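Reproduced below: final.cif, with mmCIF, C-alpha atoms.
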```
data_entry
#
loop_
_atom_site.label_atom_id
_atom_site.label_comp_id
_atom_site.auth_asym_id
_atom_site.auth_seq_id
_atom_site.Cartn_x
_atom_site.Cartn_y
_atom_site.Cartn_z
CA MET A 11 -29.48 35.08 -41.96
CA ARG A 12 -28.03 34.12 -45.36
CA SER A 13 -24.79 35.88 -46.22
CA ARG A 14 -24.73 38.13 -49.26
CA LEU A 15 -22.06 38.78 -51.84
CA ALA A 16 -21.62 42.26 -50.34
CA ASP A 17 -20.80 40.66 -46.98
CA VAL A 18 -18.08 38.53 -48.56
CA ALA A 19 -16.65 41.54 -50.38
CA LYS A 20 -16.61 43.62 -47.17
CA LEU A 21 -14.85 40.89 -45.16
CA ALA A 22 -12.29 40.35 -47.95
CA ASP A 23 -11.86 44.12 -48.40
CA VAL A 24 -12.60 44.05 -52.15
CA HIS A 25 -15.25 45.48 -54.45
CA PRO A 26 -18.36 43.25 -54.84
CA ALA A 27 -17.57 42.88 -58.55
CA THR A 28 -14.13 41.53 -57.68
CA ALA A 29 -15.66 39.12 -55.18
CA SER A 30 -18.09 37.95 -57.85
CA ARG A 31 -15.26 37.27 -60.30
CA ALA A 32 -13.29 35.39 -57.66
CA LEU A 33 -16.23 33.18 -56.76
CA ASN A 34 -16.94 32.23 -60.37
CA GLU A 35 -14.77 29.33 -61.63
CA ARG A 36 -14.76 30.79 -65.12
CA THR A 37 -13.66 34.32 -64.18
CA ARG A 38 -11.43 33.84 -61.14
CA HIS A 39 -8.36 33.85 -63.36
CA LEU A 40 -8.99 37.60 -63.70
CA VAL A 41 -8.11 38.27 -60.05
CA SER A 42 -4.74 37.92 -58.34
CA ALA A 43 -3.89 34.82 -56.34
CA GLU A 44 -3.74 36.82 -53.12
CA THR A 45 -7.18 38.39 -53.73
CA LEU A 46 -8.65 35.02 -54.67
CA GLU A 47 -7.38 33.51 -51.44
CA ARG A 48 -8.93 36.33 -49.36
CA VAL A 49 -12.30 36.09 -51.10
CA LEU A 50 -12.50 32.30 -50.81
CA ALA A 51 -11.54 32.47 -47.14
CA ALA A 52 -14.22 35.09 -46.52
CA ALA A 53 -16.86 33.06 -48.36
CA ASP A 54 -15.92 29.99 -46.33
CA GLU A 55 -16.04 31.89 -43.04
CA LEU A 56 -19.46 33.33 -43.85
CA HIS A 57 -20.77 30.04 -45.32
CA TYR A 58 -21.66 32.01 -48.42
CA LEU A 59 -23.65 30.27 -51.16
CA PRO A 60 -24.20 32.02 -54.52
CA ASN A 61 -27.78 32.86 -55.40
CA PRO A 62 -28.39 31.26 -58.80
CA MET A 63 -31.70 33.09 -59.27
CA ALA A 64 -30.04 36.47 -58.80
CA ARG A 65 -27.26 35.50 -61.20
CA SER A 66 -29.81 34.41 -63.79
CA LEU A 67 -31.74 37.67 -63.52
CA ALA A 68 -28.56 39.70 -63.87
CA SER A 69 -27.31 37.79 -66.91
CA SER A 70 -30.66 36.94 -68.57
CA ARG A 71 -29.57 33.31 -68.44
CA SER A 72 -30.87 30.28 -66.59
CA ASN A 73 -27.33 28.98 -66.05
CA THR A 74 -28.69 25.58 -67.05
CA ILE A 75 -27.58 23.30 -69.88
CA GLY A 76 -29.95 20.63 -71.13
CA VAL A 77 -28.67 17.21 -72.18
CA VAL A 78 -30.91 15.12 -74.44
CA ILE A 79 -30.18 11.39 -74.01
CA GLY A 80 -31.42 8.71 -76.38
CA ASP A 81 -31.36 5.76 -73.98
CA LEU A 82 -30.03 6.07 -70.45
CA THR A 83 -29.83 2.27 -70.07
CA VAL A 84 -26.88 2.13 -72.50
CA PRO A 85 -23.79 1.89 -70.23
CA LEU A 86 -21.59 4.41 -72.05
CA PHE A 87 -23.98 7.27 -71.24
CA ALA A 88 -22.91 7.22 -67.59
CA HIS A 89 -19.38 8.18 -68.64
CA LEU A 90 -20.57 10.82 -71.10
CA LEU A 91 -22.79 12.44 -68.50
CA ARG A 92 -20.08 12.40 -65.85
CA GLY A 93 -17.75 14.25 -68.23
CA ILE A 94 -20.41 16.81 -69.07
CA ASP A 95 -21.42 17.39 -65.46
CA GLU A 96 -17.86 17.84 -64.17
CA VAL A 97 -17.18 20.65 -66.66
CA THR A 98 -20.55 22.41 -66.37
CA THR A 99 -20.57 22.27 -62.57
CA ALA A 100 -17.08 23.77 -62.37
CA ALA A 101 -18.31 26.59 -64.60
CA GLY A 102 -21.30 27.33 -62.36
CA TYR A 103 -23.96 25.74 -64.56
CA ALA A 104 -26.62 23.25 -63.57
CA THR A 105 -27.22 20.32 -65.93
CA LEU A 106 -30.68 19.01 -66.72
CA PHE A 107 -30.75 15.52 -68.23
CA VAL A 108 -33.76 14.12 -70.11
CA ASP A 109 -34.09 10.60 -71.52
CA THR A 110 -36.10 10.27 -74.75
CA HIS A 111 -36.16 6.44 -74.76
CA ASN A 112 -35.53 6.88 -78.51
CA ASP A 113 -39.23 7.75 -78.81
CA PRO A 114 -39.94 10.77 -81.08
CA ALA A 115 -43.11 11.71 -79.18
CA ARG A 116 -41.35 11.55 -75.81
CA GLU A 117 -38.42 13.46 -77.28
CA LEU A 118 -40.70 16.31 -78.34
CA ALA A 119 -42.31 16.43 -74.89
CA GLN A 120 -38.91 16.48 -73.20
CA LEU A 121 -37.70 19.19 -75.54
CA ARG A 122 -40.69 21.34 -74.60
CA THR A 123 -39.78 20.82 -70.95
CA LEU A 124 -36.25 22.04 -71.58
CA GLU A 125 -37.57 25.03 -73.52
CA ALA A 126 -39.88 25.91 -70.62
CA ARG A 127 -36.87 25.83 -68.30
CA HIS A 128 -35.11 28.33 -70.59
CA VAL A 129 -31.96 26.24 -70.89
CA ASP A 130 -29.00 28.20 -72.23
CA GLY A 131 -27.73 25.36 -74.42
CA LEU A 132 -28.42 21.80 -75.52
CA ILE A 133 -26.02 18.88 -75.73
CA VAL A 134 -27.73 16.26 -77.87
CA THR A 135 -26.55 12.67 -77.45
CA THR A 136 -29.31 10.80 -79.26
CA SER A 137 -26.73 9.77 -81.93
CA VAL A 138 -29.33 9.55 -84.68
CA VAL A 139 -28.35 10.50 -88.22
CA GLY A 140 -29.15 14.17 -88.88
CA ASP A 141 -31.99 15.96 -87.10
CA PRO A 142 -34.73 13.56 -85.90
CA ASP A 143 -37.55 15.36 -87.70
CA GLY A 144 -35.63 17.43 -90.23
CA THR A 145 -36.83 20.73 -88.76
CA GLY A 146 -33.82 21.71 -86.67
CA ARG A 147 -36.09 21.90 -83.63
CA PHE A 148 -33.23 21.58 -81.17
CA ALA A 149 -31.54 24.72 -82.49
CA LYS A 150 -34.84 26.61 -82.16
CA VAL A 151 -34.69 26.08 -78.39
CA ALA A 152 -31.03 26.87 -77.72
CA PRO A 153 -27.53 26.56 -79.20
CA VAL A 154 -26.67 22.91 -79.88
CA VAL A 155 -23.59 20.71 -79.54
CA ASN A 156 -23.95 17.19 -80.91
CA LEU A 157 -22.31 14.36 -78.98
CA LEU A 158 -21.88 10.95 -80.67
CA ARG A 159 -24.14 12.39 -83.33
CA ALA A 160 -22.62 13.24 -86.69
CA CYS A 161 -24.67 15.70 -88.73
CA PRO A 162 -24.13 15.74 -92.51
CA ASN A 163 -24.84 19.48 -92.84
CA GLY A 164 -22.19 20.43 -90.28
CA GLU A 165 -24.32 23.25 -88.87
CA ASN A 166 -23.65 22.41 -85.21
CA PRO A 167 -20.44 21.61 -83.35
CA GLU A 168 -20.05 17.88 -82.82
CA VAL A 169 -17.93 15.51 -80.74
CA ILE A 170 -17.61 12.06 -82.27
CA SER A 171 -15.22 9.11 -82.16
CA ASN A 172 -13.15 7.82 -85.09
CA ASP A 173 -15.36 4.82 -85.78
CA ASP A 174 -13.88 4.18 -89.21
CA ARG A 175 -10.47 3.79 -87.58
CA GLY A 176 -11.91 1.61 -84.84
CA MET A 177 -13.41 -0.89 -87.26
CA ARG A 178 -10.21 -0.94 -89.29
CA LEU A 179 -8.23 -1.84 -86.15
CA ILE A 180 -10.63 -4.71 -85.48
CA VAL A 181 -10.52 -6.13 -89.02
CA ASP A 182 -6.73 -5.76 -89.19
CA HIS A 183 -6.43 -7.67 -85.91
CA LEU A 184 -8.72 -10.50 -87.03
CA VAL A 185 -7.14 -10.83 -90.47
CA GLY A 186 -3.77 -10.99 -88.76
CA LEU A 187 -5.09 -14.01 -86.85
CA GLY A 188 -6.06 -15.70 -90.11
CA HIS A 189 -9.76 -14.82 -90.20
CA THR A 190 -11.41 -14.06 -93.54
CA ARG A 191 -15.04 -14.91 -92.74
CA ILE A 192 -15.61 -11.93 -90.43
CA ALA A 193 -19.25 -11.13 -89.66
CA HIS A 194 -20.57 -7.81 -88.42
CA ILE A 195 -23.65 -7.09 -86.33
CA ALA A 196 -24.36 -3.54 -87.45
CA GLY A 197 -26.14 -0.88 -85.44
CA PRO A 198 -29.49 0.56 -86.55
CA ALA A 199 -29.36 2.41 -89.87
CA THR A 200 -30.80 5.51 -88.15
CA VAL A 201 -27.86 5.73 -85.73
CA SER A 202 -24.84 7.69 -86.95
CA THR A 203 -22.36 5.47 -85.11
CA GLY A 204 -24.01 2.42 -86.64
CA VAL A 205 -23.60 3.84 -90.13
CA ALA A 206 -19.98 4.87 -89.50
CA ARG A 207 -18.96 1.50 -88.09
CA ARG A 208 -20.66 -0.42 -90.88
CA HIS A 209 -18.81 1.70 -93.46
CA GLY A 210 -15.55 1.22 -91.59
CA TYR A 211 -16.04 -2.55 -91.56
CA ARG A 212 -16.77 -2.72 -95.29
CA ASN A 213 -13.86 -0.45 -96.18
CA ALA A 214 -11.43 -2.49 -94.07
CA MET A 215 -12.65 -5.79 -95.54
CA THR A 216 -12.25 -4.42 -99.06
CA ASP A 217 -8.75 -3.15 -98.33
CA HIS A 218 -7.79 -6.67 -97.27
CA GLY A 219 -9.10 -8.04 -100.57
CA LEU A 220 -12.08 -9.74 -98.94
CA PRO A 221 -15.18 -9.63 -101.15
CA GLU A 222 -18.38 -8.06 -99.90
CA ASP A 223 -20.73 -10.71 -98.57
CA ASP A 224 -24.11 -9.44 -97.42
CA SER A 225 -24.74 -12.70 -95.57
CA LEU A 226 -22.03 -11.69 -93.10
CA VAL A 227 -23.81 -8.47 -92.06
CA VAL A 228 -26.89 -8.37 -89.84
CA THR A 229 -28.44 -4.99 -88.94
CA ILE A 230 -30.23 -4.77 -85.60
CA ASP A 231 -33.20 -2.57 -84.68
CA ARG A 232 -32.27 -1.85 -81.06
CA ILE A 233 -28.98 -1.63 -79.20
CA ASP A 234 -29.24 -4.35 -76.58
CA ALA A 235 -27.96 -7.82 -75.74
CA GLU A 236 -31.08 -9.61 -76.94
CA GLN A 237 -30.73 -8.10 -80.39
CA GLY A 238 -27.11 -9.19 -80.38
CA ARG A 239 -28.11 -12.73 -79.47
CA ALA A 240 -30.78 -12.86 -82.16
CA ALA A 241 -28.26 -11.65 -84.75
CA ALA A 242 -25.76 -14.28 -83.57
CA ILE A 243 -28.39 -17.01 -83.96
CA HIS A 244 -28.95 -15.92 -87.55
CA LEU A 245 -25.23 -15.79 -88.36
CA LEU A 246 -24.44 -19.13 -86.75
CA ASP A 247 -27.37 -20.83 -88.49
CA THR A 248 -26.76 -19.38 -91.96
CA THR A 249 -23.03 -18.65 -92.38
CA ASP A 250 -19.62 -20.19 -91.77
CA CYS A 251 -18.17 -17.09 -90.08
CA THR A 252 -15.15 -17.56 -87.85
CA ALA A 253 -15.37 -14.17 -86.13
CA ILE A 254 -18.20 -11.84 -85.13
CA VAL A 255 -17.78 -8.10 -84.60
CA GLY A 256 -20.56 -6.47 -82.60
CA PHE A 257 -21.74 -2.88 -82.99
CA SER A 258 -21.17 -2.35 -79.26
CA ASP A 259 -20.10 -4.27 -76.19
CA LEU A 260 -23.70 -4.52 -75.04
CA VAL A 261 -24.71 -6.13 -78.33
CA THR A 262 -21.68 -8.44 -78.19
CA PHE A 263 -22.65 -9.69 -74.72
CA GLY A 264 -25.66 -11.29 -76.43
CA VAL A 265 -23.33 -13.00 -78.90
CA LEU A 266 -21.30 -14.53 -76.07
CA LYS A 267 -24.50 -15.71 -74.41
CA GLU A 268 -25.59 -17.55 -77.54
CA LEU A 269 -22.17 -19.14 -77.98
CA ARG A 270 -22.33 -20.44 -74.40
CA SER A 271 -25.80 -21.86 -74.98
CA ARG A 272 -24.48 -23.82 -77.97
CA LYS A 273 -21.30 -24.84 -76.15
CA ILE A 274 -19.24 -23.11 -78.83
CA HIS A 275 -15.89 -22.17 -77.36
CA CYS A 276 -14.64 -18.60 -77.75
CA PRO A 277 -12.07 -17.93 -79.12
CA GLU A 278 -11.05 -21.53 -79.95
CA GLN A 279 -14.00 -22.02 -82.32
CA ILE A 280 -15.09 -18.44 -82.99
CA SER A 281 -13.61 -15.05 -82.14
CA VAL A 282 -15.74 -12.17 -80.86
CA VAL A 283 -15.02 -8.43 -80.74
CA GLY A 284 -17.03 -5.62 -79.16
CA TYR A 285 -16.89 -1.83 -79.30
CA SER A 286 -16.72 0.87 -76.57
CA ASP A 287 -14.90 -0.99 -73.75
CA VAL A 288 -17.51 -0.59 -71.04
CA PRO A 289 -16.26 -1.62 -67.56
CA SER A 290 -18.00 -5.00 -67.67
CA ALA A 291 -16.22 -5.97 -70.92
CA GLU A 292 -13.11 -6.94 -69.00
CA LEU A 293 -15.18 -9.00 -66.56
CA MET A 294 -16.83 -11.19 -69.18
CA SER A 295 -15.75 -14.80 -69.69
CA PRO A 296 -13.78 -14.70 -71.87
CA ALA A 297 -12.67 -11.10 -71.32
CA LEU A 298 -13.81 -9.16 -74.35
CA THR A 299 -11.51 -7.80 -77.03
CA THR A 300 -12.95 -4.40 -77.90
CA VAL A 301 -12.27 -0.86 -79.06
CA ALA A 302 -11.79 1.64 -76.25
CA VAL A 303 -13.41 5.06 -76.55
CA ASP A 304 -12.89 7.71 -73.86
CA HIS A 305 -16.52 8.67 -73.40
CA HIS A 306 -15.78 10.66 -70.24
CA ALA A 307 -13.37 12.90 -72.17
CA MET A 308 -15.87 13.19 -75.04
CA GLY A 309 -18.58 14.41 -72.67
CA ALA A 310 -16.18 16.92 -71.12
CA GLU A 311 -15.18 18.22 -74.56
CA ALA A 312 -18.82 18.65 -75.59
CA ALA A 313 -19.42 20.69 -72.44
CA ARG A 314 -16.37 22.86 -73.16
CA LEU A 315 -17.62 23.50 -76.69
CA MET A 316 -20.98 24.54 -75.29
CA LEU A 317 -19.42 26.90 -72.75
CA GLY A 318 -17.39 28.46 -75.56
CA ILE A 319 -20.56 29.11 -77.52
CA LEU A 320 -22.26 30.68 -74.49
CA ASP A 321 -19.21 32.86 -73.79
CA ASP A 322 -18.94 34.13 -77.35
CA PRO A 323 -21.96 33.32 -79.55
CA ALA A 324 -20.70 35.47 -82.40
CA GLY A 325 -17.19 34.05 -82.43
CA ALA A 326 -18.08 30.38 -81.95
CA ALA A 327 -17.78 28.43 -85.18
CA ALA A 328 -19.22 24.97 -85.77
CA ARG A 329 -16.44 22.42 -85.66
CA SER A 330 -16.06 18.69 -85.44
CA VAL A 331 -13.89 17.12 -82.75
CA GLN A 332 -13.01 13.50 -83.50
CA PHE A 333 -11.67 11.42 -80.64
CA PRO A 334 -9.08 8.68 -81.23
CA VAL A 335 -9.81 5.03 -80.46
CA GLU A 336 -7.67 2.12 -79.31
CA LEU A 337 -7.96 -1.64 -79.79
CA VAL A 338 -7.83 -3.52 -76.47
CA VAL A 339 -6.94 -7.16 -77.11
CA ARG A 340 -8.15 -9.58 -74.44
CA GLU A 341 -9.24 -13.23 -74.42
CA SER A 342 -12.14 -13.35 -76.88
CA THR A 343 -10.02 -13.36 -80.06
CA GLY A 344 -7.58 -15.99 -81.26
CA PRO A 345 -6.24 -17.71 -84.37
CA CYS A 346 -8.78 -18.81 -86.94
CA ARG A 347 -9.90 -22.39 -86.56
CA VAL A 348 -9.19 -24.82 -89.37
CA MET A 349 -12.27 -24.88 -91.58
CA SER A 350 -13.72 -28.29 -92.39
CA SER A 351 -13.89 -29.18 -96.07
#
```
Same coordinates, now as structure tokens:
Amino acid sequence: MRSRLADVAKLADVHPATASRALNERTRHLVSAETLERVLAAADELHYLPNPMARSLASSRSNTIGVVIGDLTVPLFAHLLRGIDEVTTAAGYATLFVDTHNDPARELAQLRTLEARHVDGLIVTTSVVGDPDGTGRFAKVAPVVNLLRACPNGENPEVISNDDRGMRLIVDHLVGLGHTRIAHIAGPATVSTGVARRHGYRNAMTDHGLPEDDSLVVTIDRIDAEQGRAAAIHLLDTTDCTAIVGFSDLVTFGVLKELRSRKIHCPEQISVVGYSDVPSAELMSPALTTVAVDHHAMGAEAARLMLGILDDPAGAAARSVQFPVELVVRESTGPCRVMSS
């Protein structure tokens, strides 16, 4: 027969309410160390497992947080989701992930699924600019925390990276190596990180006295290696760039593929820089210079913001948490080649 909370409390010689607090990661700090030890020992001896349905009925919550993902095939999402799940699991919440495939119709269907599950909160990682349909439909389902997704109106808490700083670090590095013809493969205009990085690139180029040259910027429609390769083909065929900065590592992998197909040596003939520092970036040939972003920590912070909202809805204020970035210099960047006359 399944052990009950009352059984644990009796064996530990405490009130059931005390046992409940001790068994909840988020409230166990309210009991003494000695009491906590007794309750945990009793729960272990009785093989006690909390009843999530009973807890939900008692609190009028589902103890579930929904996470809306734009494209699960993008490598960085694994780190974001791990960070979210570690924090929510420790707090006694289940996490329900849905992948929209960046398809508005699928997104709406997935959102209805989350609403039917009565999720307590939503962490939205689609990273599009503003609300996808302008109606605030996420907030109508549950409280929202935006992750990688900067919202101009500032209505919801958000966790973003300092992309302006990241692009400045890249341009500073390349200019220091003698590059002035620095091209940028920009992310989709509908993606907030794409917009931020494009602005950061232009601002950094201007600060170095390099004139704006639209021929050096190619905007992609999707975030994948094939789009990166197509953009590289265009840049290599139409410009005399000496360095290419990709919107993300995944996009930049396509650039390296095109360089190899043309037998263009990197970095001797052209330097390449990515963004995000996914694990495979270091394994590329040459190893990719990129900007490191701690996506695991960002996911964890988004989860903590959500738990704060659920703990105190009235006291939780929308705020923006901006994570620092770091340039990781590897083998794919080097001194500018001597331009032919």
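Considering only C-alpha atoms, the residue among A:Ile195, A:Met308, A:Leu337, A:Ala52 positioned nearest to Ser171 (chain A) is A:Met308.
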Given 3 Å of margin on each side, can you work out the centre and size in Å (one decimal) of an axis-aligned box holding every listed atom of region 178-182 of chain A, as lines of an AutoDock Vina configuration file?
```
center_x = -8.7
center_y = -3.5
center_z = -87.4
size_x = 9.9
size_y = 11.2
size_z = 9.8
```
- request: Compile the contact shell of region 40-48 of chain A as a ChimeraX atom specification: residues with an atom at most 9 Å away, counting only C-alpha atoms, same-chain residues fewer than 5 positions apart removed.
  value: /A:21-24,28-29,31-33,53
- line: If you count only C-alpha atoms, the residue of A:Ala16, A:Leu245, A:Ala101, A:Val155 closest to Arg38 (chain A) turns out to be A:Ala101
Hey, which bits of region 131-230 of chain A sit within 8 Å of region 255-274 of chain A, and for each residue what's the closest pair of atoms and how far apart in Å (one decimal), counting all atoms listed in the file, rows by chain and increasing number, as CSV?
```
residue,atom,partner,partner_atom,distance
A:Ile180,CA,A:Val255,CA,8.0
A:Ile192,CA,A:Val255,CA,7.3
A:Ala193,CA,A:Val255,CA,6.1
A:His194,CA,A:Val255,CA,4.7
A:Ile195,CA,A:Gly256,CA,4.9
A:Ala196,CA,A:Phe257,CA,5.2
A:Gly197,CA,A:Phe257,CA,5.4
A:Gly204,CA,A:Phe257,CA,6.8
A:Arg207,CA,A:Phe257,CA,7.3
```
- request: Expand the PyMOL selection byres ((chain A and resi 332) around 10) into the individual residues it matches in the shown file, reporting them as JSON, numbers by chain.
  value: {"A": [158, 168, 169, 170, 171, 172, 173, 308, 329, 330, 331, 333, 334, 335]}
Could those residues be written to a file, using C-alpha atoms, as a PDB file, keeping the file's coordinate frame?
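Result went into selection.pdb, see below:
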```
ATOM      1  CA  LEU A 158     -21.880  10.950 -80.670  1.00  0.00           C
ATOM      2  CA  GLU A 168     -20.050  17.880 -82.820  1.00  0.00           C
ATOM      3  CA  VAL A 169     -17.930  15.510 -80.740  1.00  0.00           C
ATOM      4  CA  ILE A 170     -17.610  12.060 -82.270  1.00  0.00           C
ATOM      5  CA  SER A 171     -15.220   9.110 -82.160  1.00  0.00           C
ATOM      6  CA  ASN A 172     -13.150   7.820 -85.090  1.00  0.00           C
ATOM      7  CA  ASP A 173     -15.360   4.820 -85.780  1.00  0.00           C
ATOM      8  CA  MET A 308     -15.870  13.190 -75.040  1.00  0.00           C
ATOM      9  CA  ARG A 329     -16.440  22.420 -85.660  1.00  0.00           C
ATOM     10  CA  SER A 330     -16.060  18.690 -85.440  1.00  0.00           C
ATOM     11  CA  VAL A 331     -13.890  17.120 -82.750  1.00  0.00           C
ATOM     12  CA  PHE A 333     -11.670  11.420 -80.640  1.00  0.00           C
ATOM     13  CA  PRO A 334      -9.080   8.680 -81.230  1.00  0.00           C
ATOM     14  CA  VAL A 335      -9.810   5.030 -80.460  1.00  0.00           C
TER      15      VAL A 335
END
```
- prompt: Which residues come within 6 Å of region 105-113 of chain A, counting all atoms listed in the file, excluding same-chain residues fewer than 5 positions away, as number ranges by chain?
  reply: A: 74-81
field: Picked residues, the PyMOL selection byres ((chain A and resi 285) around 6), as a list in words
entry: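 Applied to this file, the PyMOL selection byres ((chain A and resi 285) around 6) returns Ser258, Asp259, Gly284, Ser286, Asp287, Thr300 and Val301 of chain A.
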- prompt: Any idea what the distance is between CA of Glu341 (chain A) and CA of Ile254 (chain A)?
  reply: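 Taking CA of Glu341 (chain A) and CA of Ile254 (chain A), their separation equals 14.0 Å.
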Can you give me, as a compact mmCIF listing (two decimals) with C-alpha atoms, in the coordinates of the input, the residues this file yields under the PyMOL selection byres ((chain A and resi 319) around 12)?
```txt
# COMPACT_ATOMS: atom_id res chain seq x y z
CA ILE A 75 -27.58 23.30 -69.88
CA ASP A 130 -29.00 28.20 -72.23
CA GLY A 131 -27.73 25.36 -74.42
CA LEU A 132 -28.42 21.80 -75.52
CA ILE A 133 -26.02 18.88 -75.73
CA ALA A 152 -31.03 26.87 -77.72
CA PRO A 153 -27.53 26.56 -79.20
CA VAL A 154 -26.67 22.91 -79.88
CA VAL A 155 -23.59 20.71 -79.54
CA ASN A 166 -23.65 22.41 -85.21
CA PRO A 167 -20.44 21.61 -83.35
CA ALA A 312 -18.82 18.65 -75.59
CA ALA A 313 -19.42 20.69 -72.44
CA ARG A 314 -16.37 22.86 -73.16
CA LEU A 315 -17.62 23.50 -76.69
CA MET A 316 -20.98 24.54 -75.29
CA LEU A 317 -19.42 26.90 -72.75
CA GLY A 318 -17.39 28.46 -75.56
CA LEU A 320 -22.26 30.68 -74.49
CA ASP A 321 -19.21 32.86 -73.79
CA ASP A 322 -18.94 34.13 -77.35
CA PRO A 323 -21.96 33.32 -79.55
CA ALA A 324 -20.70 35.47 -82.40
CA GLY A 325 -17.19 34.05 -82.43
CA ALA A 326 -18.08 30.38 -81.95
CA ALA A 327 -17.78 28.43 -85.18
CA ALA A 328 -19.22 24.97 -85.77
CA ARG A 329 -16.44 22.42 -85.66
```
